[in-house]
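Engineer: mmCIF, C-alpha atoms, pLDDT in the B column; chains and numbers go by the auth columns, saved as input37.cif, coming up:
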```cif
data_input
loop_
_atom_site.group_PDB
_atom_site.id
_atom_site.type_symbol
_atom_site.label_atom_id
_atom_site.label_comp_id
_atom_site.label_asym_id
_atom_site.label_seq_id
_atom_site.Cartn_x
_atom_site.Cartn_y
_atom_site.Cartn_z
_atom_site.B_iso_or_equiv
_atom_site.auth_seq_id
_atom_site.auth_asym_id
ATOM 1 C CA MET A 1 -4.738 72.423 -49.789 93.00 313 A
ATOM 2 C CA LYS A 2 -6.119 75.066 -47.438 96.00 314 A
ATOM 3 C CA LYS A 3 -6.491 78.537 -48.904 98.00 315 A
ATOM 4 C CA ILE A 4 -5.486 81.341 -46.575 98.00 316 A
ATOM 5 C CA THR A 5 -5.011 85.076 -46.874 98.00 317 A
ATOM 6 C CA ILE A 6 -2.133 86.839 -45.179 98.00 318 A
ATOM 7 C CA TYR A 7 -1.746 90.586 -44.709 98.00 319 A
ATOM 8 C CA THR A 8 1.634 91.866 -43.553 98.00 320 A
ATOM 9 C CA ASP A 9 3.290 95.141 -42.679 97.00 321 A
ATOM 10 C CA GLY A 10 6.529 96.321 -41.169 97.00 322 A
ATOM 11 C CA SER A 11 7.540 99.577 -39.563 95.00 323 A
ATOM 12 C CA SER A 12 10.790 101.221 -38.563 96.00 324 A
ATOM 13 C CA LEU A 13 11.078 104.371 -36.450 95.00 325 A
ATOM 14 C CA GLY A 14 14.130 105.683 -38.221 88.00 326 A
ATOM 15 C CA ASN A 15 15.771 103.566 -40.847 87.00 327 A
ATOM 16 C CA PRO A 16 17.526 101.869 -39.129 94.00 328 A
ATOM 17 C CA GLY A 17 15.719 102.227 -35.846 96.00 329 A
ATOM 18 C CA PHE A 18 13.224 100.509 -33.603 97.00 330 A
ATOM 19 C CA GLY A 19 11.119 98.221 -35.751 97.00 331 A
ATOM 20 C CA GLY A 20 7.827 96.394 -35.529 98.00 332 A
ATOM 21 C CA TYR A 21 6.021 93.892 -37.696 98.00 333 A
ATOM 22 C CA CYS A 22 2.566 92.384 -37.998 98.00 334 A
ATOM 23 C CA GLY A 23 0.991 89.562 -39.915 98.00 335 A
ATOM 24 C CA ILE A 24 -2.719 88.793 -40.007 98.00 336 A
ATOM 25 C CA LEU A 25 -3.665 85.319 -41.208 98.00 337 A
ATOM 26 C CA LEU A 26 -7.239 84.686 -42.331 98.00 338 A
ATOM 27 C CA TYR A 27 -8.742 81.243 -42.804 97.00 339 A
ATOM 28 C CA ARG A 28 -12.500 80.921 -43.188 96.00 340 A
ATOM 29 C CA ASP A 29 -13.915 82.882 -40.243 96.00 341 A
ATOM 30 C CA LYS A 30 -10.707 82.706 -38.168 97.00 342 A
ATOM 31 C CA GLU A 31 -8.140 85.452 -37.731 97.00 343 A
ATOM 32 C CA LYS A 32 -4.668 85.020 -36.216 98.00 344 A
ATOM 33 C CA ILE A 33 -2.426 88.019 -35.502 98.00 345 A
ATOM 34 C CA ILE A 34 1.307 87.719 -35.026 98.00 346 A
ATOM 35 C CA SER A 35 3.479 90.700 -34.157 98.00 347 A
ATOM 36 C CA GLY A 36 6.800 91.628 -32.628 98.00 348 A
ATOM 37 C CA SER A 37 9.631 94.107 -32.553 97.00 349 A
ATOM 38 C CA VAL A 38 13.377 94.421 -33.103 96.00 350 A
ATOM 39 C CA ALA A 39 15.647 97.096 -31.647 94.00 351 A
ATOM 40 C CA ASN A 40 17.939 98.082 -34.529 94.00 352 A
ATOM 41 C CA THR A 41 16.492 97.278 -37.917 97.00 353 A
ATOM 42 C CA THR A 42 15.143 98.618 -41.177 97.00 354 A
ATOM 43 C CA ASN A 43 11.676 98.889 -42.645 95.00 355 A
ATOM 44 C CA ASN A 44 12.440 96.281 -45.319 96.00 356 A
ATOM 45 C CA ARG A 45 13.656 93.772 -42.710 98.00 357 A
ATOM 46 C CA MET A 46 10.441 94.271 -40.758 98.00 358 A
ATOM 47 C CA GLU A 47 8.345 93.804 -43.903 97.00 359 A
ATOM 48 C CA LEU A 48 10.103 90.485 -44.479 98.00 360 A
ATOM 49 C CA MET A 49 9.927 89.493 -40.809 98.00 361 A
ATOM 50 C CA ALA A 50 6.141 89.895 -40.855 98.00 362 A
ATOM 51 C CA LEU A 51 5.974 87.451 -43.747 98.00 363 A
ATOM 52 C CA LEU A 52 8.450 84.970 -42.243 98.00 364 A
ATOM 53 C CA GLN A 53 6.709 84.895 -38.867 98.00 365 A
ATOM 54 C CA SER A 54 3.389 84.349 -40.635 98.00 366 A
ATOM 55 C CA LEU A 55 4.777 81.420 -42.615 98.00 367 A
ATOM 56 C CA ARG A 56 6.425 79.898 -39.523 98.00 368 A
ATOM 57 C CA ILE A 57 3.105 79.253 -37.813 96.00 369 A
ATOM 58 C CA LEU A 58 1.573 77.301 -40.700 97.00 370 A
ATOM 59 C CA LYS A 59 1.400 73.590 -39.947 95.00 371 A
ATOM 60 C CA GLU A 60 0.667 72.269 -43.451 97.00 372 A
ATOM 61 C CA PRO A 61 1.064 73.306 -47.101 97.00 373 A
ATOM 62 C CA CYS A 62 -1.321 76.105 -48.047 98.00 374 A
ATOM 63 C CA GLU A 63 -2.406 78.163 -51.002 98.00 375 A
ATOM 64 C CA ILE A 64 -1.618 81.699 -49.858 98.00 376 A
ATOM 65 C CA ASP A 65 -2.753 85.086 -51.108 98.00 377 A
ATOM 66 C CA LEU A 66 -0.302 87.562 -49.584 98.00 378 A
ATOM 67 C CA TYR A 67 -1.232 91.239 -49.422 98.00 379 A
ATOM 68 C CA THR A 68 1.354 93.838 -48.467 97.00 380 A
ATOM 69 C CA ASP A 69 2.085 97.501 -49.109 96.00 381 A
ATOM 70 C CA SER A 70 5.759 96.630 -49.607 96.00 382 A
ATOM 71 C CA GLN A 71 6.734 96.678 -53.272 97.00 383 A
ATOM 72 C CA TYR A 72 10.104 95.323 -52.119 97.00 384 A
ATOM 73 C CA VAL A 73 8.432 92.132 -50.830 98.00 385 A
ATOM 74 C CA VAL A 74 6.012 91.764 -53.754 98.00 386 A
ATOM 75 C CA GLN A 75 8.653 92.310 -56.421 98.00 387 A
ATOM 76 C CA GLY A 76 11.134 90.191 -54.487 97.00 388 A
ATOM 77 C CA ILE A 77 8.732 87.254 -54.544 98.00 389 A
ATOM 78 C CA ASN A 78 7.166 87.757 -57.976 97.00 390 A
ATOM 79 C CA GLU A 79 10.094 89.071 -60.025 97.00 391 A
ATOM 80 C CA TRP A 80 13.542 89.021 -58.422 97.00 392 A
ATOM 81 C CA LEU A 81 13.779 85.868 -56.295 97.00 393 A
ATOM 82 C CA GLU A 82 14.662 83.441 -59.065 96.00 394 A
ATOM 83 C CA GLY A 83 17.569 85.620 -60.228 97.00 395 A
ATOM 84 C CA TRP A 84 18.755 86.206 -56.668 97.00 396 A
ATOM 85 C CA MET A 85 18.821 82.466 -56.053 97.00 397 A
ATOM 86 C CA LYS A 86 20.863 81.869 -59.238 97.00 398 A
ATOM 87 C CA LYS A 87 23.543 84.253 -57.973 96.00 399 A
ATOM 88 C CA ASN A 88 23.324 82.874 -54.407 96.00 400 A
ATOM 89 C CA PHE A 89 21.900 86.178 -53.110 96.00 401 A
ATOM 90 C CA ARG A 90 25.177 87.982 -53.864 95.00 402 A
ATOM 91 C CA GLU A 91 24.732 91.771 -53.634 94.00 403 A
ATOM 92 C CA VAL A 92 21.149 91.381 -52.350 95.00 404 A
ATOM 93 C CA LYS A 93 19.980 93.237 -49.266 95.00 405 A
ATOM 94 C CA ASN A 94 18.743 91.017 -46.426 97.00 406 A
ATOM 95 C CA PRO A 95 20.055 87.745 -47.908 97.00 407 A
ATOM 96 C CA ASP A 96 19.562 85.938 -44.587 98.00 408 A
ATOM 97 C CA LEU A 97 15.849 86.699 -44.573 98.00 409 A
ATOM 98 C CA TRP A 98 15.372 85.927 -48.271 98.00 410 A
ATOM 99 C CA ARG A 99 17.123 82.567 -47.827 98.00 411 A
ATOM 100 C CA GLU A 100 14.808 81.832 -44.929 98.00 412 A
ATOM 101 C CA TYR A 101 11.834 82.797 -47.088 98.00 413 A
ATOM 102 C CA VAL A 102 12.928 80.291 -49.741 98.00 414 A
ATOM 103 C CA GLY A 103 12.922 77.495 -47.169 97.00 415 A
ATOM 104 C CA LEU A 104 9.663 78.481 -45.492 98.00 416 A
ATOM 105 C CA SER A 105 7.799 79.045 -48.748 98.00 417 A
ATOM 106 C CA LYS A 106 8.676 75.694 -50.377 97.00 418 A
ATOM 107 C CA PRO A 107 5.606 73.734 -49.249 97.00 419 A
ATOM 108 C CA HIS A 108 3.228 76.567 -50.135 98.00 420 A
ATOM 109 C CA ASN A 109 1.796 78.139 -53.261 97.00 421 A
ATOM 110 C CA ILE A 110 2.207 81.873 -52.617 98.00 422 A
ATOM 111 C CA LYS A 111 0.822 84.695 -54.738 97.00 423 A
ATOM 112 C CA ALA A 112 1.924 88.170 -53.629 98.00 424 A
ATOM 113 C CA TYR A 113 -0.195 91.257 -54.245 98.00 425 A
ATOM 114 C CA TRP A 114 0.640 94.886 -53.616 97.00 426 A
ATOM 115 C CA VAL A 115 -1.904 97.103 -51.863 96.00 427 A
ATOM 116 C CA LYS A 116 -1.471 100.834 -51.538 91.00 428 A
ATOM 117 C CA GLY A 117 -0.637 101.733 -47.945 84.00 429 A
ATOM 118 C CA HIS A 118 -2.765 104.201 -45.994 80.00 430 A
ATOM 119 C CA ASP A 119 -5.490 103.966 -48.588 86.00 431 A
ATOM 120 C CA GLY A 120 -8.383 102.517 -46.618 86.00 432 A
ATOM 121 C CA ASN A 121 -7.688 98.773 -46.914 91.00 433 A
ATOM 122 C CA ALA A 122 -8.910 97.696 -43.467 95.00 434 A
ATOM 123 C CA MET A 123 -6.510 94.781 -42.979 96.00 435 A
ATOM 124 C CA ASN A 124 -3.517 96.760 -44.238 95.00 436 A
ATOM 125 C CA GLU A 125 -4.417 99.611 -41.885 96.00 437 A
ATOM 126 C CA LYS A 126 -4.747 97.164 -38.991 97.00 438 A
ATOM 127 C CA CYS A 127 -1.335 95.625 -39.746 97.00 439 A
ATOM 128 C CA ASP A 128 0.241 99.063 -40.005 96.00 440 A
ATOM 129 C CA LYS A 129 -1.226 100.164 -36.680 97.00 441 A
ATOM 130 C CA ILE A 130 -0.011 97.027 -34.877 97.00 442 A
ATOM 131 C CA ALA A 131 3.478 97.163 -36.455 97.00 443 A
ATOM 132 C CA ARG A 132 3.897 100.835 -35.476 96.00 444 A
ATOM 133 C CA PHE A 133 2.610 100.066 -31.964 97.00 445 A
ATOM 134 C CA GLU A 134 5.197 97.295 -31.577 97.00 446 A
ATOM 135 C CA ALA A 135 8.037 99.589 -32.712 96.00 447 A
ATOM 136 C CA LYS A 136 6.880 102.457 -30.484 96.00 448 A
ATOM 137 C CA GLN A 137 6.466 100.187 -27.466 95.00 449 A
ATOM 138 C CA LEU A 138 10.061 98.969 -27.849 95.00 450 A
ATOM 139 C CA GLN A 139 11.319 102.508 -28.365 94.00 451 A
ATOM 140 C CA ASP A 140 9.489 103.719 -25.253 92.00 452 A
ATOM 141 C CA ALA A 141 10.870 100.843 -23.193 90.00 453 A
ATOM 142 C CA ALA A 142 14.409 101.654 -24.340 89.00 454 A
ATOM 143 C CA ASN A 143 13.944 105.360 -23.594 87.00 455 A
ATOM 144 C CA ASN A 144 12.643 104.573 -20.109 84.00 456 A
ATOM 145 C CA MET A 145 15.715 102.561 -19.233 75.00 457 A
ATOM 146 C CA GLN A 146 17.995 104.864 -17.308 56.00 458 A
ATOM 147 C CA GLU A 147 21.459 104.508 -15.987 55.00 459 A
ATOM 148 C CA PRO A 148 21.409 103.866 -12.238 55.00 460 A
ATOM 149 C CA SER A 149 21.975 107.157 -10.498 53.00 461 A
ATOM 150 C CA LEU A 150 24.624 107.595 -7.881 55.00 462 A
ATOM 151 C CA ASN A 151 23.031 109.282 -4.906 56.00 463 A
ATOM 152 C CA ILE A 152 26.178 110.763 -3.409 57.00 464 A
#
```
Would you give me this structure, written as structure tokens?

Structural biologist:
Amino acid sequence: MKKITIYTDGSSLGNPGFGGYCGILLYRDKEKIISGSVANTTNNRMELMALLQSLRILKEPCEIDLYTDSQYVVQGINEWLEGWMKKNFREVKNPDLWREYVGLSKPHNIKAYWVKGHDGNAMNEKCDKIARFEAKQLQDAANNMQEPSLNI
């Protein structure tokens, strides 16, 4: 089983607001960055989206060390998920994304670790910068869209 490291981060300009996510996958000397944005979302959804998009690109079962500054994601994976599944995700925020995580994570062995955000971890800082860039780019694009003016 290949051993990979994944760093993820999500960002939301407002909560809800314009959101961005980033995942950085490391395998040996290779680095793959995935990122994107969503118009009306929350920070927690973007944190999860970074993880889901990272898992989607894996082509075979892997041993994964996941690093994120989201306690929500780390505790969700390490502590809460089993209980949420037993109650069919009733009264859980973002049940659609957590259900998707369950399916995507099945072939993998995932260990989630919390890293303090904005504390000098180079990969976490890189993820944060890309996620915020994605959110800001979408926000700027939306702000630049103007109603057609009537030149009467």

Engineer: Can you give me, as a PyMOL selection string, the residues this file yields under the PyMOL selection byres ((chain A and resi 413) around 10)?

Structural biologist: chain A and resi 360-361+363-365+367-368+389+393+407-412+414-418

Engineer: Could you check how far CA of Glu375 in chain A sits from CA of Ile422 in chain A, in Å to one decimal?

Structural biologist: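 It comes out at 6.1 Å.
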
Engineer: Just so the selection is clear, what residues does the PyMOL selection byres ((chain A and resi 372) around 9) cover here, as number ranges by chain?

Structural biologist: A: 313-314, 370-371, 373-374, 419-420

Engineer: Quick one, how far is CA of Tyr379 in chain A from CA of Tyr319 in chain A?

Structural biologist: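 CA of Tyr319 in chain A lies at a distance of 4.8 Å from CA of Tyr379 in chain A.
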
Engineer: Let me make sure I understand: among A:Ser349, A:Gln383, A:Thr320, A:Asn327, which one has the smallest atom-to-atom distance to Gln449 in chain A if we use only C-alpha atoms?

Structural biologist: A:Ser349

Engineer: For the atom pair CA of Gly322 in chain A and CA of Met457 in chain A, what is the interatomic distance in Å to one decimal place?

Structural biologist: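 Atom-to-atom, CA of Gly322 in chain A to CA of Met457 in chain A, that is 24.6 Å.
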
Engineer: Need the shell around Lys428 in chain A: protein/DNA/RNA residues with any atom at most 12 Å away, counting only C-alpha atoms. Skip same-chain ones fewer than 5 positions apart. Format as a PDB file with C-alpha atoms, in the frame of the given file?

Structural biologist:
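Result saved to part02.pdb:
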```pdb
ATOM      1  CA  ASP A 321       3.290  95.141 -42.679  1.00 97.00           C
ATOM      2  CA  TYR A 379      -1.232  91.239 -49.422  1.00 98.00           C
ATOM      3  CA  THR A 380       1.354  93.838 -48.467  1.00 97.00           C
ATOM      4  CA  ASP A 381       2.085  97.501 -49.109  1.00 96.00           C
ATOM      5  CA  SER A 382       5.759  96.630 -49.607  1.00 96.00           C
ATOM      6  CA  GLN A 383       6.734  96.678 -53.272  1.00 97.00           C
ATOM      7  CA  VAL A 386       6.012  91.764 -53.754  1.00 98.00           C
ATOM      8  CA  ASN A 433      -7.688  98.773 -46.914  1.00 91.00           C
ATOM      9  CA  ALA A 434      -8.910  97.696 -43.467  1.00 95.00           C
ATOM     10  CA  MET A 435      -6.510  94.781 -42.979  1.00 96.00           C
ATOM     11  CA  ASN A 436      -3.517  96.760 -44.238  1.00 95.00           C
ATOM     12  CA  GLU A 437      -4.417  99.611 -41.885  1.00 96.00           C
ATOM     13  CA  ASP A 440       0.241  99.063 -40.005  1.00 96.00           C
TER      14      ASP A 440
END
```

Engineer: Counting all atoms listed in the file, which of A:Leu325, A:Leu337, A:Ile376, A:Val427 gets nearest to Ala351 in chain A?

Structural biologist: A:Leu325

Engineer: List, as a list in words, every residue that the PyMOL selection byres ((chain A and resi 353) around 8) selects in the file provided.

Structural biologist: Ser324, Asn327, Pro328, Gly329, Phe330, Gly331, Val350, Ala351, Asn352, Thr354, Asn355, Arg357 and Met358 of chain A

Engineer: I'd like the box whose edges run along x, y and z of the file and which contains every listed atom of range 437-442 of chain A, padded by 6 Å per side; could you state its centre and edge lengths in Å, one decimal, as lines of an AutoDock Vina configuration file?

Structural biologist:
```
center_x = -2.3
center_y = 97.9
center_z = -38.4
size_x = 17.0
size_y = 16.5
size_z = 19.0
```

Engineer: Considering all atoms listed in the file, state which residue in the set A:Glu343, A:Tyr384, A:Gly332, A:Phe445 is at the smallest distance from Asn356 in chain A.

Structural biologist: A:Tyr384

Engineer: Identify the residues within 6 Å of coordinate (-3.8, 85.7, -44.9) (same frame as the file), considering only C-alpha atoms, and give the answer as a PDB file with C-alpha atoms, in the coordinates of the input.

Structural biologist:
```
ATOM      1  CA  ILE A 316      -5.486  81.341 -46.575  1.00 98.00           C
ATOM      2  CA  THR A 317      -5.011  85.076 -46.874  1.00 98.00           C
ATOM      3  CA  ILE A 318      -2.133  86.839 -45.179  1.00 98.00           C
ATOM      4  CA  TYR A 319      -1.746  90.586 -44.709  1.00 98.00           C
ATOM      5  CA  ILE A 336      -2.719  88.793 -40.007  1.00 98.00           C
ATOM      6  CA  LEU A 337      -3.665  85.319 -41.208  1.00 98.00           C
ATOM      7  CA  LEU A 338      -7.239  84.686 -42.331  1.00 98.00           C
TER       8      LEU A 338
END
```

Engineer: Nearest to Lys423 in chain A among A:Cys334, A:Cys439, A:Leu450, A:Leu378, with distances taken over all atoms listed in the file: which residue is it?

Structural biologist: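 Looking at the shortest contact to Lys423 in chain A, the residue is A:Leu378.
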
Engineer: Kindly add all heavy atoms to the incomplete range 379-390 of chain A and provide the output as an mmCIF file, keeping the file's coordinate frame.

Structural biologist:
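Printed below is part06.cif as written:
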```cif
data_model
loop_
_atom_site.group_PDB
_atom_site.id
_atom_site.type_symbol
_atom_site.label_atom_id
_atom_site.label_comp_id
_atom_site.auth_asym_id
_atom_site.auth_seq_id
_atom_site.Cartn_x
_atom_site.Cartn_y
_atom_site.Cartn_z
ATOM 1 N N TYR A 379 -0.989 89.834 -49.130
ATOM 2 C CA TYR A 379 -1.232 91.239 -49.422
ATOM 3 C C TYR A 379 -0.319 92.085 -48.547
ATOM 4 O O TYR A 379 -0.300 91.934 -47.322
ATOM 5 C CB TYR A 379 -2.701 91.614 -49.161
ATOM 6 C CG TYR A 379 -3.646 90.924 -50.100
ATOM 7 C CD1 TYR A 379 -4.216 89.697 -49.770
ATOM 8 C CD2 TYR A 379 -3.956 91.487 -51.337
ATOM 9 C CE1 TYR A 379 -5.074 89.048 -50.645
ATOM 10 C CE2 TYR A 379 -4.823 90.841 -52.220
ATOM 11 C CZ TYR A 379 -5.376 89.631 -51.856
ATOM 12 O OH TYR A 379 -6.224 88.988 -52.734
ATOM 13 N N THR A 380 0.433 92.970 -49.185
ATOM 14 C CA THR A 380 1.354 93.838 -48.467
ATOM 15 C C THR A 380 1.488 95.164 -49.197
ATOM 16 O O THR A 380 1.301 95.221 -50.421
ATOM 17 C CB THR A 380 2.747 93.176 -48.321
ATOM 18 O OG1 THR A 380 3.648 94.081 -47.667
ATOM 19 C CG2 THR A 380 3.324 92.773 -49.668
ATOM 20 N N ASP A 381 1.839 96.212 -48.465
ATOM 21 C CA ASP A 381 2.085 97.501 -49.109
ATOM 22 C C ASP A 381 3.572 97.671 -49.446
ATOM 23 O O ASP A 381 4.001 98.749 -49.831
ATOM 24 C CB ASP A 381 1.554 98.665 -48.263
ATOM 25 C CG ASP A 381 2.211 98.766 -46.897
ATOM 26 O OD1 ASP A 381 3.216 98.073 -46.631
ATOM 27 O OD2 ASP A 381 1.704 99.550 -46.069
ATOM 28 N N SER A 382 4.334 96.599 -49.311
ATOM 29 C CA SER A 382 5.759 96.630 -49.607
ATOM 30 C C SER A 382 6.024 96.143 -51.027
ATOM 31 O O SER A 382 5.946 94.949 -51.314
ATOM 32 C CB SER A 382 6.528 95.750 -48.616
ATOM 33 O OG SER A 382 7.874 95.614 -49.027
ATOM 34 N N GLN A 383 6.366 97.074 -51.910
ATOM 35 C CA GLN A 383 6.734 96.678 -53.272
ATOM 36 C C GLN A 383 8.002 95.835 -53.245
ATOM 37 O O GLN A 383 8.176 94.951 -54.091
ATOM 38 C CB GLN A 383 6.894 97.902 -54.158
ATOM 39 C CG GLN A 383 5.571 98.571 -54.443
ATOM 40 C CD GLN A 383 5.676 99.669 -55.480
ATOM 41 O OE1 GLN A 383 6.712 99.873 -56.096
ATOM 42 N NE2 GLN A 383 4.582 100.383 -55.666
ATOM 43 N N TYR A 384 8.881 96.103 -52.297
ATOM 44 C CA TYR A 384 10.104 95.323 -52.119
ATOM 45 C C TYR A 384 9.775 93.837 -51.930
ATOM 46 O O TYR A 384 10.372 92.971 -52.578
ATOM 47 C CB TYR A 384 10.854 95.881 -50.903
ATOM 48 C CG TYR A 384 12.023 95.077 -50.407
ATOM 49 C CD1 TYR A 384 13.172 94.916 -51.171
ATOM 50 C CD2 TYR A 384 11.998 94.500 -49.140
ATOM 51 C CE1 TYR A 384 14.257 94.201 -50.681
ATOM 52 C CE2 TYR A 384 13.078 93.791 -48.652
ATOM 53 C CZ TYR A 384 14.211 93.643 -49.425
ATOM 54 O OH TYR A 384 15.275 92.941 -48.938
ATOM 55 N N VAL A 385 8.811 93.524 -51.073
ATOM 56 C CA VAL A 385 8.432 92.132 -50.830
ATOM 57 C C VAL A 385 7.719 91.547 -52.043
ATOM 58 O O VAL A 385 8.032 90.442 -52.492
ATOM 59 C CB VAL A 385 7.567 92.007 -49.557
ATOM 60 C CG1 VAL A 385 6.970 90.610 -49.435
ATOM 61 C CG2 VAL A 385 8.391 92.335 -48.319
ATOM 62 N N VAL A 386 6.774 92.269 -52.606
ATOM 63 C CA VAL A 386 6.012 91.764 -53.754
ATOM 64 C C VAL A 386 6.925 91.518 -54.950
ATOM 65 O O VAL A 386 6.896 90.442 -55.560
ATOM 66 C CB VAL A 386 4.853 92.716 -54.130
ATOM 67 C CG1 VAL A 386 4.205 92.304 -55.443
ATOM 68 C CG2 VAL A 386 3.819 92.745 -53.018
ATOM 69 N N GLN A 387 7.759 92.486 -55.281
ATOM 70 C CA GLN A 387 8.653 92.310 -56.421
ATOM 71 C C GLN A 387 9.717 91.262 -56.121
ATOM 72 O O GLN A 387 10.113 90.506 -57.011
ATOM 73 C CB GLN A 387 9.292 93.642 -56.809
ATOM 74 C CG GLN A 387 8.283 94.575 -57.457
ATOM 75 C CD GLN A 387 8.889 95.911 -57.831
ATOM 76 O OE1 GLN A 387 9.512 96.568 -57.000
ATOM 77 N NE2 GLN A 387 8.720 96.297 -59.074
ATOM 78 N N GLY A 388 10.179 91.216 -54.866
ATOM 79 C CA GLY A 388 11.134 90.191 -54.487
ATOM 80 C C GLY A 388 10.587 88.803 -54.757
ATOM 81 O O GLY A 388 11.266 87.953 -55.345
ATOM 82 N N ILE A 389 9.359 88.566 -54.362
ATOM 83 C CA ILE A 389 8.732 87.254 -54.544
ATOM 84 C C ILE A 389 8.378 87.002 -56.010
ATOM 85 O O ILE A 389 8.699 85.950 -56.565
ATOM 86 C CB ILE A 389 7.469 87.132 -53.667
ATOM 87 C CG1 ILE A 389 7.862 87.095 -52.182
ATOM 88 C CG2 ILE A 389 6.644 85.910 -54.053
ATOM 89 C CD1 ILE A 389 6.687 87.239 -51.227
ATOM 90 N N ASN A 390 7.712 87.974 -56.632
ATOM 91 C CA ASN A 390 7.166 87.757 -57.976
ATOM 92 C C ASN A 390 8.168 87.924 -59.115
ATOM 93 O O ASN A 390 7.980 87.345 -60.181
ATOM 94 C CB ASN A 390 5.994 88.710 -58.229
ATOM 95 C CG ASN A 390 4.794 88.397 -57.364
ATOM 96 O OD1 ASN A 390 4.657 87.305 -56.832
ATOM 97 N ND2 ASN A 390 3.909 89.376 -57.214
#
```
